[in-house]
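Q: So here's work-v4.txt, just compact mmCIF, C-alpha atoms:
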# COMPACT_ATOMS: atom_id res chain seq x y z
CA MET U 1 -29.90 -23.62 25.80
CA ASP U 2 -27.09 -26.15 25.85
CA GLN U 3 -25.83 -25.41 22.35
CA THR U 4 -23.50 -22.60 21.36
CA ARG U 5 -23.84 -21.00 17.94
CA VAL U 6 -21.02 -19.14 16.21
CA ILE U 7 -22.18 -16.46 13.80
CA GLU U 8 -19.61 -15.65 11.11
CA VAL U 9 -20.18 -11.90 10.87
CA LYS U 10 -16.68 -11.15 9.57
CA LYS U 11 -17.09 -13.55 6.67
CA ASN U 12 -20.28 -11.83 5.50
CA ILE U 13 -18.74 -8.36 5.80
CA LEU U 14 -15.66 -9.40 3.82
CA ALA U 15 -17.76 -11.04 1.11
CA ALA U 16 -19.69 -7.82 0.47
CA ASN U 17 -16.47 -5.81 0.55
CA ASP U 18 -14.77 -8.18 -1.92
CA GLU U 19 -17.66 -7.95 -4.36
CA ALA U 20 -17.50 -4.16 -4.34
CA ALA U 21 -13.70 -4.29 -4.67
CA ASP U 22 -13.87 -6.50 -7.75
CA ALA U 23 -16.27 -4.07 -9.42
CA PHE U 24 -14.12 -1.03 -8.56
CA ARG U 25 -10.96 -2.76 -9.79
CA ALA U 26 -12.56 -3.65 -13.11
CA GLU U 27 -13.88 -0.11 -13.63
CA ARG U 28 -10.49 1.46 -12.96
CA ALA U 29 -8.73 -1.03 -15.26
CA GLN U 30 -11.15 -0.23 -18.05
CA GLU U 31 -10.47 3.50 -17.79
CA GLY U 32 -6.69 2.99 -17.60
CA THR U 33 -6.16 3.75 -13.90
CA PHE U 34 -3.65 1.55 -12.08
CA PHE U 35 -4.60 1.52 -8.38
CA VAL U 36 -1.97 0.66 -5.75
CA ASP U 37 -2.63 0.01 -2.04
CA VAL U 38 0.38 1.05 0.08
CA MET U 39 0.43 -0.41 3.60
CA ALA U 40 2.87 -0.12 6.50
CA SER U 41 3.19 0.61 10.17
CA PRO U 42 3.29 4.27 11.31
CA GLY U 43 6.62 5.92 10.55
CA ALA U 44 7.74 3.45 7.89
CA GLY U 45 7.92 6.28 5.36
CA LYS U 46 4.83 5.80 3.18
CA THR U 47 4.37 9.45 2.23
CA THR U 48 8.08 10.05 1.68
CA LEU U 49 8.39 6.97 -0.51
CA LEU U 50 5.33 7.99 -2.54
CA LEU U 51 6.81 11.43 -3.16
CA ALA U 52 10.08 9.86 -4.37
CA LEU U 53 8.21 7.41 -6.60
CA ILE U 54 6.03 10.21 -7.99
CA ARG U 55 9.15 12.24 -8.85
CA GLU U 56 10.57 9.24 -10.71
CA LEU U 57 7.35 8.57 -12.60
CA ARG U 58 7.08 12.24 -13.57
CA ALA U 59 10.65 12.13 -14.87
CA ARG U 60 9.45 9.34 -17.15
CA GLY U 61 6.62 11.48 -18.50
CA VAL U 62 3.78 10.33 -16.23
CA GLU U 63 1.63 13.27 -15.13
CA ALA U 64 -1.82 11.86 -14.28
CA LEU U 65 -1.16 10.90 -10.66
CA GLY U 66 -3.41 10.88 -7.60
CA VAL U 67 -3.20 9.86 -3.95
CA ILE U 68 -5.86 8.92 -1.40
CA GLU U 69 -4.42 9.64 2.04
CA ALA U 70 -6.05 7.56 4.80
CA ASP U 71 -5.50 8.62 8.41
CA LEU U 72 -7.41 8.41 11.65
CA GLU U 73 -7.39 12.23 11.82
CA SER U 74 -5.83 15.32 10.17
CA ASP U 75 -4.80 16.12 6.60
CA VAL U 76 -1.05 16.51 7.16
CA ASP U 77 0.02 13.94 4.58
CA ALA U 78 -2.54 15.02 2.00
CA GLN U 79 -1.16 18.55 2.20
CA LYS U 80 2.37 17.26 1.57
CA ILE U 81 1.15 15.50 -1.57
CA LYS U 82 -0.72 18.59 -2.77
CA GLU U 83 2.35 20.76 -2.18
CA ALA U 84 4.15 18.46 -4.62
CA GLY U 85 1.51 19.32 -7.23
CA VAL U 86 -0.32 16.00 -7.07
CA ALA U 87 -4.09 15.61 -6.66
CA SER U 88 -4.88 14.25 -3.21
CA VAL U 89 -7.97 13.44 -1.16
CA GLU U 90 -7.81 13.02 2.62
CA LEU U 91 -9.75 10.06 4.00
CA ASN U 92 -10.24 10.30 7.76
CA THR U 93 -11.48 7.02 9.23
CA ARG U 94 -12.27 8.51 12.67
CA GLY U 95 -10.72 5.65 14.62
CA VAL U 96 -11.30 2.76 12.20
CA CYS U 97 -8.04 0.83 11.84
CA HIS U 98 -8.42 -0.12 8.17
CA VAL U 99 -9.89 1.09 4.89
CA GLU U 100 -12.96 -0.57 3.37
CA MET U 101 -14.39 -0.30 -0.14
CA GLY U 102 -17.12 2.13 0.85
CA MET U 103 -14.43 4.54 2.04
CA VAL U 104 -12.38 4.11 -1.13
CA THR U 105 -15.42 4.80 -3.31
CA MET U 106 -16.26 7.99 -1.40
CA ALA U 107 -12.66 9.21 -1.64
CA PHE U 108 -12.47 8.44 -5.36
CA GLU U 109 -15.69 10.33 -6.03
CA ALA U 110 -14.18 13.37 -4.28
CA PHE U 111 -11.73 13.73 -7.19
CA ASP U 112 -14.77 15.02 -9.16
CA GLY U 113 -14.21 13.00 -12.29
CA ASP U 114 -10.41 13.27 -12.52
CA ARG U 115 -8.80 10.26 -14.16
CA PHE U 116 -5.34 8.96 -13.40
CA ASP U 117 -2.67 6.73 -14.86
CA TYR U 118 -1.61 5.87 -11.32
CA LEU U 119 -3.73 6.21 -8.20
CA PHE U 120 -2.22 5.36 -4.81
CA LEU U 121 -3.96 4.63 -1.53
CA GLU U 122 -1.79 5.38 1.48
CA ASN U 123 -3.55 3.05 3.87
CA ILE U 124 -3.86 3.39 7.65
CA GLY U 125 -0.58 2.87 9.52
CA ASN U 126 -1.24 -0.66 10.73
CA LEU U 127 0.21 -4.12 9.97
CA VAL U 128 -2.86 -6.07 11.14
CA CYS U 129 -6.34 -5.03 9.96
CA PRO U 130 -5.54 -3.71 6.44
CA ALA U 131 -4.31 -7.14 5.35
CA ASP U 132 -7.88 -8.49 5.59
CA PHE U 133 -9.67 -5.88 3.47
CA ASP U 134 -9.57 -5.75 -0.32
CA THR U 135 -9.54 -2.08 -1.31
CA GLY U 136 -10.05 -2.65 -5.03
CA ALA U 137 -6.36 -2.20 -5.79
CA HIS U 138 -4.63 -3.90 -8.70
CA THR U 139 -1.46 -4.27 -6.65
CA ARG U 140 -0.83 -4.28 -2.90
CA VAL U 141 2.53 -3.38 -1.41
CA MET U 142 3.85 -3.03 2.11
CA LEU U 143 6.71 -1.00 3.49
CA LEU U 144 9.11 -2.08 6.23
CA SER U 145 11.68 0.46 7.38
CA VAL U 146 15.15 -0.54 8.53
CA PRO U 147 14.69 1.14 11.96
CA GLU U 148 11.67 -1.14 12.62
CA GLY U 149 13.81 -4.28 12.47
CA TRP U 150 13.76 -7.28 10.14
CA ASP U 151 11.79 -9.49 12.55
CA LYS U 152 8.46 -7.76 11.80
CA VAL U 153 8.08 -10.53 9.23
CA MET U 154 7.77 -13.04 12.07
CA LYS U 155 5.32 -10.89 14.06
CA TYR U 156 2.88 -9.95 11.28
CA PRO U 157 2.89 -12.84 8.79
CA PRO U 158 -0.60 -12.21 7.29
CA MET U 159 0.49 -8.83 5.93
CA PHE U 160 3.60 -10.23 4.26
CA ALA U 161 1.53 -13.06 2.79
CA ALA U 162 -1.13 -10.70 1.40
CA VAL U 163 0.97 -8.30 -0.66
CA ASP U 164 2.60 -8.41 -4.08
CA ALA U 165 5.74 -6.55 -3.05
CA LEU U 166 7.76 -5.75 0.05
CA ILE U 167 9.51 -2.39 -0.05
CA VAL U 168 12.29 -2.06 2.50
CA THR U 169 12.62 1.68 3.22
CA LYS U 170 15.28 3.87 4.83
CA CYS U 171 18.08 1.55 3.73
CA ASP U 172 20.51 4.43 4.29
CA TYR U 173 20.15 3.49 7.98
CA LEU U 174 21.60 0.02 7.42
CA PRO U 175 25.13 1.03 8.53
CA LEU U 176 23.61 2.19 11.83
CA ASN U 177 21.57 -0.96 12.43
CA GLU U 178 23.87 -3.96 12.55
CA ASP U 179 21.04 -6.17 13.81
CA PHE U 180 18.98 -5.76 10.63
CA ASP U 181 19.38 -9.10 8.82
CA MET U 182 18.33 -8.51 5.21
CA ASP U 183 18.97 -12.09 4.17
CA ARG U 184 16.78 -13.52 6.93
CA LEU U 185 14.05 -11.01 6.16
CA LYS U 186 13.99 -12.00 2.49
CA ALA U 187 14.11 -15.71 3.26
CA GLN U 188 11.30 -15.59 5.83
CA ALA U 189 9.14 -13.31 3.67
CA ARG U 190 9.46 -15.65 0.69
CA MET U 191 8.57 -18.63 2.85
CA LEU U 192 5.26 -16.86 3.50
CA ASN U 193 4.92 -15.56 -0.04
CA PRO U 194 7.09 -17.30 -2.67
CA ASN U 195 6.16 -14.85 -5.45
CA LEU U 196 6.92 -11.75 -3.38
CA GLU U 197 8.90 -8.98 -5.08
CA ILE U 198 11.35 -7.26 -2.74
CA PHE U 199 12.83 -3.79 -3.23
CA VAL U 200 15.45 -2.17 -1.01
CA THR U 201 15.03 1.60 -1.15
CA SER U 202 15.97 4.96 0.27
CA ALA U 203 13.86 8.00 -0.57
CA ARG U 204 16.71 10.15 0.71
CA THR U 205 19.32 8.81 -1.73
CA ASP U 206 16.88 7.46 -4.39
CA GLU U 207 18.41 4.00 -4.07
CA GLY U 208 16.02 1.41 -5.50
CA ILE U 209 13.40 3.98 -6.59
CA GLY U 210 14.11 3.45 -10.28
CA GLU U 211 13.74 -0.32 -9.95
CA LEU U 212 10.48 0.15 -8.04
CA ALA U 213 9.16 2.47 -10.78
CA ASP U 214 10.14 -0.11 -13.42
CA TRP U 215 8.08 -2.72 -11.60
CA MET U 216 5.11 -0.40 -11.15
CA GLN U 217 5.08 0.36 -14.85
CA SER U 218 5.25 -3.32 -15.76
CA GLN U 219 2.41 -4.08 -13.35
CA ARG U 220 0.29 -1.35 -14.90
CA ALA U 221 0.97 -2.70 -18.39
CA GLU U 222 -0.23 -6.15 -17.27
CA LYS U 223 -3.30 -5.16 -15.28
CA VAL U 224 -4.99 -2.16 -16.89
CA GLN U 225 -5.93 -1.03 -20.36
CA ALA U 226 -3.61 1.58 -21.79
Starting from the file, give its structure as structure tokens.
A:
Amino acid sequence: MDQTRVIEVKKNILAANDEAADAFRAERAQEGTFFVDVMASPGAGKTTLLLALIRELRARGVEALGVIEADLESDVDAQKIKEAGVASVELNTRGVCHVEMGMVTMAFEAFDGDRFDYLFLENIGNLVCPADFDTGAHTRVMLLSVPEGWDKVMKYPPMFAAVDALIVTKCDYLPLNEDFDMDRLKAQARMLNPNLEIFVTSARTDEGIGELADWMQSQRAEKVQA
């Protein structure tokens, strides 16, 4: 055969995933659950930030909170969440570098009928694959820690373009990292995503956590039924 055929397998897989994600998102909105997909590279501080955000939300009277912890292996992070008194389900992907809707549905069902005001997915530590897969979340955020360097925005543009908010973590390290250019990070990120919200935070000092909680609550008010 002289002709070459290209079969778009990825497109078909994503279409089925997106259809399931739309249905899941609508169901959660109807029951009053605001679902947030939290993405970042390993070590950016996803679990630590979630614990700080959960403390802030609890201080505001929010109690119905849940976390799906996605990892290749282990339940280390899920145990940290449970120790804080928050319902958590561990989702081990066994080597898969992203989370798909089938995985989210299985994890959600493991809560055995619990309902939440806020449900968080701590996605796989990866700045590539998760950007492509809709997990049924109402809002997608990504974390970038100061020790990683501001130029991640130039290396992984699809992730920055795909999310609703960029959360810069570990800002207490800024005095130790003179090369971290916050202004260039914000400018480049908003070139990729003009509507991007940007929060500068430290879970250690609670800097920016209140502002992040304000935004989360406003997003919930817009996107789900009370």
Q: Name all residues at most 9 Å from Phe111 in chain U (count only C-alpha atoms; drop same-chain ones fewer than 3 positions away) and give them as a ChimeraX atom specification.
A: /U:66,87-89,107-108,114-115
Q: Just C-alpha atoms for this one: save the residues we selected as a PDB file, in the frame of the given file.
A:
ATOM      1  CA  GLY U  66      -3.410  10.880  -7.600  1.00  0.00           C
ATOM      2  CA  ALA U  87      -4.090  15.610  -6.660  1.00  0.00           C
ATOM      3  CA  SER U  88      -4.880  14.250  -3.210  1.00  0.00           C
ATOM      4  CA  VAL U  89      -7.970  13.440  -1.160  1.00  0.00           C
ATOM      5  CA  ALA U 107     -12.660   9.210  -1.640  1.00  0.00           C
ATOM      6  CA  PHE U 108     -12.470   8.440  -5.360  1.00  0.00           C
ATOM      7  CA  ASP U 114     -10.410  13.270 -12.520  1.00  0.00           C
ATOM      8  CA  ARG U 115      -8.800  10.260 -14.160  1.00  0.00           C
TER       9      ARG U 115
END
Q: From the set U:Pro130, U:Asp75, U:Lys46, U:Thr135, which residue has the shortest atom-to-atom contact distance to Glu19 in chain U, counting all atoms listed in the file?
A: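 Among U:Pro130, U:Asp75, U:Lys46, U:Thr135, it is U:Thr135 that comes nearest to Glu19 in chain U.
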Q: Given all atoms listed in the file as the basis, pick out the residue of U:Asp172, U:Glu197, U:Glu31, U:Asp214 nearest to Met142 in chain U.
A: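 Of all the options, U:Glu197 lies closest to Met142 in chain U.
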Q: Quote the spacing between CA of Ala221 in chain U and CA of Leu196 in chain U in Å to one decimal place.
A: 18.5 Å
Q: At a cut-off of 12 Å, using only C-alpha atoms, what residues contact range 199-203 of chain U? Leave out same-chain residues fewer than 2 positions from it and give the result as a VMD selection string.
A: chain U and resid 44 to 56 141 to 146 164 to 174 182 to 183 185 to 186 196 to 197 205 to 216
Q: Store the residues picked out above, limited to C-alpha atoms, as a compact mmCIF listing (two decimals), in the frame of the given file.
A:
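part_27.txt written:
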# COMPACT_ATOMS: atom_id res chain seq x y z
CA ALA U 44 7.74 3.45 7.89
CA GLY U 45 7.92 6.28 5.36
CA LYS U 46 4.83 5.80 3.18
CA THR U 47 4.37 9.45 2.23
CA THR U 48 8.08 10.05 1.68
CA LEU U 49 8.39 6.97 -0.51
CA LEU U 50 5.33 7.99 -2.54
CA LEU U 51 6.81 11.43 -3.16
CA ALA U 52 10.08 9.86 -4.37
CA LEU U 53 8.21 7.41 -6.60
CA ILE U 54 6.03 10.21 -7.99
CA ARG U 55 9.15 12.24 -8.85
CA GLU U 56 10.57 9.24 -10.71
CA VAL U 141 2.53 -3.38 -1.41
CA MET U 142 3.85 -3.03 2.11
CA LEU U 143 6.71 -1.00 3.49
CA LEU U 144 9.11 -2.08 6.23
CA SER U 145 11.68 0.46 7.38
CA VAL U 146 15.15 -0.54 8.53
CA ASP U 164 2.60 -8.41 -4.08
CA ALA U 165 5.74 -6.55 -3.05
CA LEU U 166 7.76 -5.75 0.05
CA ILE U 167 9.51 -2.39 -0.05
CA VAL U 168 12.29 -2.06 2.50
CA THR U 169 12.62 1.68 3.22
CA LYS U 170 15.28 3.87 4.83
CA CYS U 171 18.08 1.55 3.73
CA ASP U 172 20.51 4.43 4.29
CA TYR U 173 20.15 3.49 7.98
CA LEU U 174 21.60 0.02 7.42
CA MET U 182 18.33 -8.51 5.21
CA ASP U 183 18.97 -12.09 4.17
CA LEU U 185 14.05 -11.01 6.16
CA LYS U 186 13.99 -12.00 2.49
CA LEU U 196 6.92 -11.75 -3.38
CA GLU U 197 8.90 -8.98 -5.08
CA THR U 205 19.32 8.81 -1.73
CA ASP U 206 16.88 7.46 -4.39
CA GLU U 207 18.41 4.00 -4.07
CA GLY U 208 16.02 1.41 -5.50
CA ILE U 209 13.40 3.98 -6.59
CA GLY U 210 14.11 3.45 -10.28
CA GLU U 211 13.74 -0.32 -9.95
CA LEU U 212 10.48 0.15 -8.04
CA ALA U 213 9.16 2.47 -10.78
CA ASP U 214 10.14 -0.11 -13.42
CA TRP U 215 8.08 -2.72 -11.60
CA MET U 216 5.11 -0.40 -11.15
Q: Here is a test: counting all atoms listed in the file, which residue of U:Asn17, U:Thr105, U:Asn195, U:Gln225 is nearest to Phe160 in chain U?
A: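 The answer is U:Asn195, which sits nearest to Phe160 in chain U.
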Q: Which residue out of U:Pro42, U:Pro175, U:Gly125, U:Pro158 has the minimum interatomic distance to Asn193 in chain U when all atoms listed in the file are used?
A: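 Distance minimum relative to Asn193 in chain U lands on U:Pro158.
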Q: Any idea what the distance is between CA of Arg140 in chain U and CA of Ala161 in chain U?
A: 10.7 Å
Q: Between U:Cys97, U:Ile81, U:Ile68, U:Ala110, single out the one closest to Asp37 in chain U, counting all atoms listed in the file.
A: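 The answer is U:Ile68, which sits nearest to Asp37 in chain U.
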Q: Using only C-alpha atoms, which of the listed residues (U:Tyr156, U:Tyr118, U:Phe133, U:Phe24) sits closest to Ala40 in chain U?
A: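 Smallest distance to Ala40 in chain U is found for U:Tyr156.
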Q: Give me, please, the distance in Å between CA of Asp132 in chain U and CA of Ala16 in chain U, quoted to one decimal.
A: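 If I compute the distance from CA of Asp132 in chain U to CA of Ala16 in chain U, I get 12.9 Å.
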Q: Please provide as number ranges by chain all residues within 6 Å of Glu122 in chain U, with the sequence filter that same-chain residues fewer than 5 positions apart are discarded (counting all atoms listed in the file).
A: U: 38, 69-70
Q: For Ala137 in chain U, please output as a PyMOL selection string all residues within 9 Å (counting only C-alpha atoms; exclusion window: fewer than 3 positions along the same chain).
A: chain U and resi 21-22+24-25+34-37+120-121+134+140
Q: Create the file for the chosen residues now, containing C-alpha atoms and written as a PDB file, in the frame of the given file.
A:
ATOM      1  CA  ALA U  21     -13.700  -4.290  -4.670  1.00  0.00           C
ATOM      2  CA  ASP U  22     -13.870  -6.500  -7.750  1.00  0.00           C
ATOM      3  CA  PHE U  24     -14.120  -1.030  -8.560  1.00  0.00           C
ATOM      4  CA  ARG U  25     -10.960  -2.760  -9.790  1.00  0.00           C
ATOM      5  CA  PHE U  34      -3.650   1.550 -12.080  1.00  0.00           C
ATOM      6  CA  PHE U  35      -4.600   1.520  -8.380  1.00  0.00           C
ATOM      7  CA  VAL U  36      -1.970   0.660  -5.750  1.00  0.00           C
ATOM      8  CA  ASP U  37      -2.630   0.010  -2.040  1.00  0.00           C
ATOM      9  CA  PHE U 120      -2.220   5.360  -4.810  1.00  0.00           C
ATOM     10  CA  LEU U 121      -3.960   4.630  -1.530  1.00  0.00           C
ATOM     11  CA  ASP U 134      -9.570  -5.750  -0.320  1.00  0.00           C
ATOM     12  CA  ARG U 140      -0.830  -4.280  -2.900  1.00  0.00           C
TER      13      ARG U 140
END
